[in-house]
file work18.pdb (PDB, C-alpha atoms, pLDDT in the B column)
ATOM      1  CA  GLN A   1      14.423  54.003  47.224  1.00 71.00           C
ATOM      2  CA  ALA A   2      16.982  55.562  44.909  1.00 77.00           C
ATOM      3  CA  GLN A   3      19.076  53.291  42.727  1.00 91.00           C
ATOM      4  CA  LEU A   4      22.731  53.536  41.785  1.00 96.00           C
ATOM      5  CA  GLY A   5      24.192  54.321  38.386  1.00 96.00           C
ATOM      6  CA  GLU A   6      27.854  54.355  37.341  1.00 97.00           C
ATOM      7  CA  SER A   7      29.471  56.402  34.590  1.00 97.00           C
ATOM      8  CA  GLY A   8      32.904  57.291  33.301  1.00 98.00           C
ATOM      9  CA  GLY A   9      34.166  53.989  31.967  1.00 98.00           C
ATOM     10  CA  ARG A  10      35.806  53.924  28.544  1.00 98.00           C
ATOM     11  CA  LEU A  11      38.833  52.710  26.605  1.00 98.00           C
ATOM     12  CA  VAL A  12      42.104  54.231  27.796  1.00 98.00           C
ATOM     13  CA  GLN A  13      45.773  53.533  27.169  1.00 98.00           C
ATOM     14  CA  ALA A  14      47.994  52.048  29.832  1.00 98.00           C
ATOM     15  CA  GLY A  15      49.364  54.758  32.096  1.00 98.00           C
ATOM     16  CA  GLY A  16      46.301  56.902  31.620  1.00 98.00           C
ATOM     17  CA  SER A  17      43.665  58.056  34.079  1.00 98.00           C
ATOM     18  CA  LEU A  18      39.912  57.773  34.466  1.00 98.00           C
ATOM     19  CA  ARG A  19      37.407  59.040  36.982  1.00 98.00           C
ATOM     20  CA  LEU A  20      34.368  56.899  37.643  1.00 98.00           C
ATOM     21  CA  SER A  21      31.248  58.343  39.187  1.00 98.00           C
ATOM     22  CA  CYS A  22      28.355  56.700  40.966  1.00 97.00           C
ATOM     23  CA  ALA A  23      25.202  58.701  41.479  1.00 96.00           C
ATOM     24  CA  ALA A  24      21.651  58.041  42.508  1.00 93.00           C
ATOM     25  CA  SER A  25      18.795  57.690  40.056  1.00 85.00           C
ATOM     26  CA  GLY A  26      15.154  57.804  40.953  1.00 81.00           C
ATOM     27  CA  GLY A  27      16.027  59.693  44.099  1.00 83.00           C
ATOM     28  CA  THR A  28      18.904  61.539  45.701  1.00 89.00           C
ATOM     29  CA  PHE A  29      22.267  60.332  46.911  1.00 92.00           C
ATOM     30  CA  ALA A  30      21.210  61.556  50.348  1.00 90.00           C
ATOM     31  CA  SER A  31      19.439  58.189  50.565  1.00 90.00           C
ATOM     32  CA  PHE A  32      22.908  56.637  50.868  1.00 94.00           C
ATOM     33  CA  ALA A  33      24.400  59.097  53.355  1.00 93.00           C
ATOM     34  CA  PHE A  34      24.734  56.359  56.001  1.00 95.00           C
ATOM     35  CA  HIS A  35      25.704  53.547  53.674  1.00 96.00           C
ATOM     36  CA  ASP A  36      29.203  52.219  53.281  1.00 98.00           C
ATOM     37  CA  MET A  37      30.163  52.631  49.636  1.00 98.00           C
ATOM     38  CA  ARG A  38      32.415  50.331  47.659  1.00 98.00           C
ATOM     39  CA  TRP A  39      33.749  50.007  44.168  1.00 98.00           C
ATOM     40  CA  PHE A  40      33.996  46.465  42.878  1.00 98.00           C
ATOM     41  CA  ARG A  41      35.271  45.182  39.582  1.00 98.00           C
ATOM     42  CA  GLN A  42      34.823  42.004  37.616  1.00 98.00           C
ATOM     43  CA  ALA A  43      37.085  40.946  34.778  1.00 97.00           C
ATOM     44  CA  PRO A  44      36.015  38.274  32.270  1.00 92.00           C
ATOM     45  CA  GLY A  45      36.245  34.824  33.805  1.00 95.00           C
ATOM     46  CA  LYS A  46      37.116  36.185  37.241  1.00 96.00           C
ATOM     47  CA  GLU A  47      35.328  36.701  40.529  1.00 97.00           C
ATOM     48  CA  ARG A  48      33.986  40.127  41.424  1.00 97.00           C
ATOM     49  CA  GLU A  49      36.470  41.815  43.746  1.00 98.00           C
ATOM     50  CA  SER A  50      36.364  44.852  45.976  1.00 98.00           C
ATOM     51  CA  VAL A  51      38.889  47.521  45.007  1.00 98.00           C
ATOM     52  CA  ALA A  52      38.017  50.436  47.278  1.00 98.00           C
ATOM     53  CA  GLU A  53      35.751  51.241  50.183  1.00 98.00           C
ATOM     54  CA  ILE A  54      34.679  54.426  51.924  1.00 98.00           C
ATOM     55  CA  SER A  55      32.492  54.089  54.964  1.00 97.00           C
ATOM     56  CA  TRP A  56      29.709  56.505  55.813  1.00 96.00           C
ATOM     57  CA  SER A  57      32.050  57.991  58.437  1.00 96.00           C
ATOM     58  CA  GLY A  58      34.927  58.392  55.981  1.00 94.00           C
ATOM     59  CA  TYR A  59      37.074  55.339  56.682  1.00 97.00           C
ATOM     60  CA  ILE A  60      38.878  54.344  53.480  1.00 98.00           C
ATOM     61  CA  SER A  61      40.569  51.143  52.391  1.00 98.00           C
ATOM     62  CA  TYR A  62      41.960  49.774  49.133  1.00 98.00           C
ATOM     63  CA  ALA A  63      42.854  46.468  47.612  1.00 98.00           C
ATOM     64  CA  ASP A  64      46.611  45.982  47.450  1.00 98.00           C
ATOM     65  CA  SER A  65      46.454  45.843  43.657  1.00 97.00           C
ATOM     66  CA  VAL A  66      45.229  49.444  43.392  1.00 98.00           C
ATOM     67  CA  LYS A  67      46.789  51.058  46.462  1.00 98.00           C
ATOM     68  CA  GLY A  68      48.673  54.216  45.519  1.00 98.00           C
ATOM     69  CA  ARG A  69      46.967  54.438  42.120  1.00 98.00           C
ATOM     70  CA  PHE A  70      43.234  54.660  42.901  1.00 98.00           C
ATOM     71  CA  THR A  71      41.473  57.171  45.145  1.00 98.00           C
ATOM     72  CA  ILE A  72      37.915  56.827  46.396  1.00 98.00           C
ATOM     73  CA  SER A  73      35.901  59.804  47.582  1.00 98.00           C
ATOM     74  CA  ARG A  74      32.319  60.734  48.263  1.00 97.00           C
ATOM     75  CA  ASP A  75      30.215  63.822  48.620  1.00 95.00           C
ATOM     76  CA  ARG A  76      26.541  64.518  48.900  1.00 93.00           C
ATOM     77  CA  ASN A  77      26.081  63.861  45.192  1.00 94.00           C
ATOM     78  CA  GLY A  78      27.854  60.545  44.768  1.00 96.00           C
ATOM     79  CA  VAL A  79      30.897  58.397  45.169  1.00 98.00           C
ATOM     80  CA  TYR A  80      33.906  58.565  42.890  1.00 98.00           C
ATOM     81  CA  LEU A  81      36.904  56.502  41.914  1.00 98.00           C
ATOM     82  CA  GLN A  82      39.922  58.340  40.527  1.00 98.00           C
ATOM     83  CA  MET A  83      42.111  55.814  38.739  1.00 98.00           C
ATOM     84  CA  ASN A  84      45.670  56.787  37.783  1.00 98.00           C
ATOM     85  CA  ARG A  85      48.515  54.875  36.158  1.00 98.00           C
ATOM     86  CA  LEU A  86      46.058  52.387  34.753  1.00 98.00           C
ATOM     87  CA  LYS A  87      47.276  48.950  33.743  1.00 98.00           C
ATOM     88  CA  PRO A  88      45.824  46.402  31.320  1.00 97.00           C
ATOM     89  CA  GLU A  89      44.977  44.213  34.316  1.00 97.00           C
ATOM     90  CA  ASP A  90      42.615  46.940  35.526  1.00 98.00           C
ATOM     91  CA  THR A  91      40.331  46.085  32.612  1.00 98.00           C
ATOM     92  CA  ALA A  92      36.948  45.086  34.053  1.00 98.00           C
ATOM     93  CA  VAL A  93      33.379  46.123  34.594  1.00 98.00           C
ATOM     94  CA  TYR A  94      33.346  48.418  37.613  1.00 98.00           C
ATOM     95  CA  TYR A  95      30.368  48.365  39.958  1.00 98.00           C
ATOM     96  CA  CYS A  96      29.251  50.727  42.668  1.00 98.00           C
ATOM     97  CA  ASN A  97      27.838  49.173  45.846  1.00 97.00           C
ATOM     98  CA  ALA A  98      26.017  50.648  48.815  1.00 97.00           C
ATOM     99  CA  LYS A  99      25.602  48.619  51.975  1.00 97.00           C
ATOM    100  CA  ARG A 100      24.005  49.289  55.323  1.00 96.00           C
ATOM    101  CA  ASN A 101      22.878  46.481  57.600  1.00 94.00           C
ATOM    102  CA  SER A 102      20.686  44.241  55.413  1.00 94.00           C
ATOM    103  CA  GLU A 103      20.449  46.789  52.614  1.00 93.00           C
ATOM    104  CA  ASN A 104      22.705  46.050  49.666  1.00 95.00           C
ATOM    105  CA  TYR A 105      22.440  47.981  46.390  1.00 95.00           C
ATOM    106  CA  TRP A 106      24.337  47.587  43.137  1.00 96.00           C
ATOM    107  CA  GLY A 107      24.669  49.699  40.045  1.00 96.00           C
ATOM    108  CA  GLN A 108      24.595  48.278  36.538  1.00 96.00           C
ATOM    109  CA  GLY A 109      28.351  48.661  36.013  1.00 97.00           C
ATOM    110  CA  THR A 110      30.587  50.637  33.681  1.00 98.00           C
ATOM    111  CA  GLN A 111      33.221  49.105  31.404  1.00 98.00           C
ATOM    112  CA  VAL A 112      36.839  50.128  31.790  1.00 98.00           C
ATOM    113  CA  THR A 113      39.235  48.849  29.152  1.00 98.00           C
ATOM    114  CA  VAL A 114      42.959  49.557  29.388  1.00 98.00           C
ATOM    115  CA  SER A 115      44.965  48.900  26.252  1.00 98.00           C
ATOM    116  CA  SER A 116      48.653  48.065  26.368  1.00 94.00           C
TER
END

call {"tool": "encode", "arguments": {"input": "work18.pdb", "output": "C-alpha coordinates"}}
result
Amino acid sequence: QAQLGESGGRLVQAGGSLRLSCAASGGTFASFAFHDMRWFRQAPGKERESVAEISWSGYISYADSVKGRFTISRDRNGVYLQMNRLKPEDTAVYYCNAKRNSENYWGQGTQVTVSS
(Lines of atoms letter the chains of each structure in order from A and count residues from 1; the text may use other names and numbers.)
(Lines give C-alpha, C1' and ligand atoms only; values in the text may rest on other atoms or scores of the structure.)
Protein backbone atom coordinates (compact mmCIF):
# COMPACT_ATOMS: atom_id res chain seq x y z
CA GLN A 1 0.00 0.00 0.00
CA ALA A 2 1.33 3.42 -0.95
CA GLN A 3 1.91 5.96 1.79
CA LEU A 4 1.28 9.69 1.80
CA GLY A 5 3.86 12.46 1.85
CA GLU A 6 3.28 16.22 2.09
CA SER A 7 5.48 19.00 0.76
CA GLY A 8 5.40 22.74 0.23
CA GLY A 9 5.35 24.08 3.76
CA ARG A 10 7.68 26.94 4.65
CA LEU A 11 7.89 30.34 6.30
CA VAL A 12 5.81 33.00 4.56
CA GLN A 13 4.70 36.52 5.41
CA ALA A 14 1.11 37.33 6.23
CA GLY A 15 -0.88 37.95 3.07
CA GLY A 16 1.27 35.57 1.08
CA SER A 17 0.43 32.31 -0.64
CA LEU A 18 1.57 28.71 -0.48
CA ARG A 19 0.65 25.55 -2.32
CA LEU A 20 0.86 22.29 -0.42
CA SER A 21 1.10 18.99 -2.21
CA CYS A 22 0.36 15.47 -1.05
CA ALA A 23 1.64 12.60 -3.13
CA ALA A 24 2.06 8.89 -2.76
CA SER A 25 5.33 7.23 -1.85
CA GLY A 26 6.06 3.57 -2.19
CA GLY A 27 3.33 3.30 -4.77
CA THR A 28 1.12 5.47 -6.93
CA PHE A 29 -1.60 7.92 -6.03
CA ALA A 30 -3.95 5.71 -8.04
CA SER A 31 -4.13 3.66 -4.83
CA PHE A 32 -6.16 6.54 -3.38
CA ALA A 33 -8.45 7.16 -6.35
CA PHE A 34 -11.52 6.12 -4.32
CA HIS A 35 -10.46 7.65 -1.03
CA ASP A 36 -11.85 10.85 0.37
CA MET A 37 -8.93 13.23 0.85
CA ARG A 38 -8.60 15.83 3.56
CA TRP A 39 -6.14 18.41 4.72
CA PHE A 40 -5.86 18.78 8.47
CA ARG A 41 -3.74 21.13 10.50
CA GLN A 42 -2.50 21.18 14.06
CA ALA A 43 -1.15 24.27 15.77
CA PRO A 44 0.94 24.02 18.96
CA GLY A 45 -1.25 23.26 21.95
CA LYS A 46 -4.36 22.82 19.81
CA GLU A 47 -6.42 19.93 18.52
CA ARG A 48 -5.93 18.70 14.97
CA GLU A 49 -8.64 20.21 12.79
CA SER A 50 -9.92 19.53 9.31
CA VAL A 51 -9.53 22.50 6.96
CA ALA A 52 -10.56 21.10 3.58
CA GLU A 53 -12.02 17.95 2.10
CA ILE A 54 -12.44 16.61 -1.42
CA SER A 55 -14.29 13.37 -1.83
CA TRP A 56 -13.38 10.74 -4.39
CA SER A 57 -16.35 11.98 -6.45
CA GLY A 58 -15.28 15.62 -6.23
CA TYR A 59 -17.44 16.98 -3.42
CA ILE A 60 -15.56 19.80 -1.69
CA SER A 61 -15.99 21.45 1.69
CA TYR A 62 -13.97 23.88 3.81
CA ALA A 63 -13.70 24.96 7.38
CA ASP A 64 -15.22 28.39 7.92
CA SER A 65 -11.82 29.75 8.95
CA VAL A 66 -10.31 29.12 5.51
CA LYS A 67 -13.33 29.48 3.22
CA GLY A 68 -12.59 31.90 0.39
CA ARG A 69 -8.83 31.72 0.98
CA PHE A 70 -7.93 28.04 0.55
CA THR A 71 -8.65 25.79 -2.43
CA ILE A 72 -8.36 22.02 -2.41
CA SER A 73 -7.94 20.02 -5.60
CA ARG A 74 -6.87 16.58 -6.68
CA ASP A 75 -5.65 14.84 -9.78
CA ARG A 76 -4.23 11.45 -10.54
CA ASN A 77 -0.90 12.45 -9.03
CA GLY A 78 -1.97 13.89 -5.69
CA VAL A 79 -4.04 16.28 -3.69
CA TYR A 80 -3.23 19.95 -3.29
CA LEU A 81 -4.05 22.86 -1.04
CA GLN A 82 -3.67 26.35 -2.47
CA MET A 83 -3.54 28.80 0.42
CA ASN A 84 -3.95 32.52 -0.28
CA ARG A 85 -4.10 35.56 1.98
CA LEU A 86 -2.37 33.63 4.72
CA LYS A 87 -2.72 34.79 8.30
CA PRO A 88 -0.53 34.17 11.35
CA GLU A 89 -3.30 31.98 12.75
CA ASP A 90 -2.81 29.62 9.80
CA THR A 91 0.53 28.62 11.32
CA ALA A 92 0.44 24.86 11.92
CA VAL A 93 1.66 21.50 10.77
CA TYR A 94 -0.51 20.50 7.82
CA TYR A 95 -1.37 16.84 7.29
CA CYS A 96 -2.80 14.99 4.35
CA ASN A 97 -5.36 12.27 5.09
CA ALA A 98 -6.92 9.58 2.94
CA LYS A 99 -9.98 7.72 4.16
CA ARG A 100 -12.14 5.00 2.70
CA ASN A 101 -14.29 2.77 4.88
CA SER A 102 -11.93 1.42 7.57
CA GLU A 103 -8.81 2.59 5.76
CA ASN A 104 -7.29 5.74 7.19
CA TYR A 105 -3.87 7.01 6.09
CA TRP A 106 -1.85 10.00 7.26
CA GLY A 107 1.20 11.76 5.95
CA GLN A 108 4.03 12.95 8.16
CA GLY A 109 3.02 16.62 7.94
CA THR A 110 4.59 19.79 6.59
CA GLN A 111 5.19 22.94 8.63
CA VAL A 112 3.57 26.19 7.56
CA THR A 113 4.64 29.29 9.45
CA VAL A 114 3.05 32.66 8.73
CA SER A 115 4.85 35.67 10.12
CA SER A 116 3.05 38.90 10.93

call {"tool": "residues_around", "arguments": {"input": "work18.pdb", "residues": "segment 87-101 of chain A", "least_positions_apart": "5", "cutoff": "6 Å", "atoms": "only C-alpha atoms", "output": "PyMOL selection string"}}
result
chain A and resi 14+35-43+106-107+109-116

call {"tool": "residues_around", "arguments": {"input": "work18.pdb", "residues": "Gln3 of chain A", "least_positions_apart": "6", "cutoff": "8 Å", "atoms": "only C-alpha atoms", "output": "list in words"}}
result
Ala24, Ser25, Gly26, Gly27, Tyr105, Trp106 and Gly107 of chain A

call {"tool": "atom_distance", "arguments": {"input": "work18.pdb", "atom1": "atom CA of Ser61 of chain A", "atom2": "atom CA of Ala23 of chain A"}}
result
20.3 Å

call {"tool": "atom_distance", "arguments": {"input": "work18.pdb", "atom1": "atom CA of Ala63 of chain A", "atom2": "atom CA of Thr28 of chain A"}}
result
28.4 Å

call {"tool": "atom_distance", "arguments": {"input": "work18.pdb", "atom1": "atom CA of Arg19 of chain A", "atom2": "atom CA of Ile72 of chain A"}}
result
9.7 Å

call {"tool": "closest_residue", "arguments": {"input": "work18.pdb", "among": "A:Glu103, A:Glu47, A:Glu53, A:Asp64", "to": "Tyr80 of chain A", "atoms": "all atoms listed in the file"}}
result
A:Glu53

call {"tool": "residues_near_point", "arguments": {"input": "work18.pdb", "point": "(32.1, 60.4, 47.9)", "cutoff": "10 Å", "atoms": "only C-alpha atoms", "output": "short mmCIF file (atom, residue, chain, number, x, y, z; two decimals) with C-alpha atoms, in the coordinates of the input"}}
result
data_model
loop_
_atom_site.label_atom_id
_atom_site.label_comp_id
_atom_site.auth_asym_id
_atom_site.auth_seq_id
_atom_site.Cartn_x
_atom_site.Cartn_y
_atom_site.Cartn_z
CA SER A 21 31.25 58.34 39.19
CA CYS A 22 28.36 56.70 40.97
CA ALA A 23 25.20 58.70 41.48
CA PHE A 29 22.27 60.33 46.91
CA ALA A 33 24.40 59.10 53.36
CA MET A 37 30.16 52.63 49.64
CA ILE A 54 34.68 54.43 51.92
CA SER A 55 32.49 54.09 54.96
CA TRP A 56 29.71 56.50 55.81
CA GLY A 58 34.93 58.39 55.98
CA ILE A 72 37.92 56.83 46.40
CA SER A 73 35.90 59.80 47.58
CA ARG A 74 32.32 60.73 48.26
CA ASP A 75 30.22 63.82 48.62
CA ARG A 76 26.54 64.52 48.90
CA ASN A 77 26.08 63.86 45.19
CA GLY A 78 27.85 60.54 44.77
CA VAL A 79 30.90 58.40 45.17
CA TYR A 80 33.91 58.56 42.89
CA LEU A 81 36.90 56.50 41.91
#

call {"tool": "residues_around", "arguments": {"input": "work18.pdb", "residues": "Gly15 of chain A", "least_positions_apart": "3", "cutoff": "8 Å", "atoms": "all atoms listed in the file", "output": "ChimeraX atom specification"}}
result
/A:84-87

call {"tool": "resolve_selection", "arguments": {"input": "work18.pdb", "expression": "the PyMOL selection byres ((chain A and resi 70) around 7)", "output": "PyMOL selection string"}}
result
chain A and resi 66-69+71-72+81-84

call {"tool": "axis_aligned_box", "arguments": {"input": "work18.pdb", "around": "segment 76-79 of chain A", "padding_each_side": "8 Å", "output": "JSON"}}
result
{"center_x": 28.5, "center_y": 61.5, "center_z": 46.8, "size_x": 20.8, "size_y": 22.1, "size_z": 20.1}

call {"tool": "closest_residue", "arguments": {"input": "work18.pdb", "among": "A:Ser50, A:Ser57, A:Ser65, A:Asn104", "to": "Phe34 of chain A", "atoms": "all atoms listed in the file"}}
result
A:Ser57

call {"tool": "build_atoms", "arguments": {"input": "work18.pdb", "residues": "segment 38-57 of chain A", "atoms": "N, CA and C atoms", "output": "JSON list (two decimals), in the frame of the given file"}}
result
[["chain", "number", "residue", "atom", "x", "y", "z"],
["A", 38, "ARG", "N", 31.28, 51.07, 48.20],
["A", 38, "ARG", "CA", 32.42, 50.33, 47.66],
["A", 38, "ARG", "C", 32.40, 50.37, 46.13],
["A", 39, "TRP", "N", 33.58, 50.29, 45.59],
["A", 39, "TRP", "CA", 33.75, 50.01, 44.17],
["A", 39, "TRP", "C", 34.27, 48.58, 44.04],
["A", 40, "PHE", "N", 33.58, 47.82, 43.23],
["A", 40, "PHE", "CA", 34.00, 46.46, 42.88],
["A", 40, "PHE", "C", 34.35, 46.44, 41.40],
["A", 41, "ARG", "N", 35.04, 45.40, 41.00],
["A", 41, "ARG", "CA", 35.27, 45.18, 39.58],
["A", 41, "ARG", "C", 35.22, 43.69, 39.28],
["A", 42, "GLN", "N", 34.87, 43.39, 38.04],
["A", 42, "GLN", "CA", 34.82, 42.00, 37.62],
["A", 42, "GLN", "C", 35.37, 41.91, 36.20],
["A", 43, "ALA", "N", 36.47, 41.19, 36.08],
["A", 43, "ALA", "CA", 37.08, 40.95, 34.78],
["A", 43, "ALA", "C", 36.51, 39.65, 34.20],
["A", 44, "PRO", "N", 36.56, 39.48, 32.89],
["A", 44, "PRO", "CA", 36.02, 38.27, 32.27],
["A", 44, "PRO", "C", 36.63, 37.01, 32.86],
["A", 45, "GLY", "N", 35.78, 36.09, 33.28],
["A", 45, "GLY", "CA", 36.24, 34.82, 33.80],
["A", 45, "GLY", "C", 36.76, 34.88, 35.23],
["A", 46, "LYS", "N", 36.61, 36.04, 35.88],
["A", 46, "LYS", "CA", 37.12, 36.18, 37.24],
["A", 46, "LYS", "C", 36.00, 36.54, 38.20],
["A", 47, "GLU", "N", 36.27, 36.34, 39.49],
["A", 47, "GLU", "CA", 35.33, 36.70, 40.53],
["A", 47, "GLU", "C", 35.25, 38.23, 40.66],
["A", 48, "ARG", "N", 34.10, 38.71, 41.11],
["A", 48, "ARG", "CA", 33.99, 40.13, 41.42],
["A", 48, "ARG", "C", 34.82, 40.41, 42.66],
["A", 49, "GLU", "N", 35.60, 41.48, 42.62],
["A", 49, "GLU", "CA", 36.47, 41.82, 43.75],
["A", 49, "GLU", "C", 36.28, 43.27, 44.15],
["A", 50, "SER", "N", 36.45, 43.50, 45.45],
["A", 50, "SER", "CA", 36.36, 44.85, 45.98],
["A", 50, "SER", "C", 37.70, 45.55, 45.73],
["A", 51, "VAL", "N", 37.65, 46.78, 45.23],
["A", 51, "VAL", "CA", 38.89, 47.52, 45.01],
["A", 51, "VAL", "C", 39.03, 48.71, 45.95],
["A", 52, "ALA", "N", 37.93, 49.28, 46.40],
["A", 52, "ALA", "CA", 38.02, 50.44, 47.28],
["A", 52, "ALA", "C", 36.73, 50.57, 48.07],
["A", 53, "GLU", "N", 36.89, 51.06, 49.30],
["A", 53, "GLU", "CA", 35.75, 51.24, 50.18],
["A", 53, "GLU", "C", 35.87, 52.56, 50.90],
["A", 54, "ILE", "N", 34.75, 53.24, 51.06],
["A", 54, "ILE", "CA", 34.68, 54.43, 51.92],
["A", 54, "ILE", "C", 33.44, 54.29, 52.77],
["A", 55, "SER", "N", 33.63, 54.25, 54.07],
["A", 55, "SER", "CA", 32.49, 54.09, 54.96],
["A", 55, "SER", "C", 31.70, 55.39, 55.07],
["A", 56, "TRP", "N", 30.52, 55.29, 55.68],
["A", 56, "TRP", "CA", 29.71, 56.50, 55.81],
["A", 56, "TRP", "C", 30.42, 57.54, 56.68],
["A", 57, "SER", "N", 31.33, 57.08, 57.57],
["A", 57, "SER", "CA", 32.05, 57.99, 58.44],
["A", 57, "SER", "C", 33.38, 58.44, 57.84]]
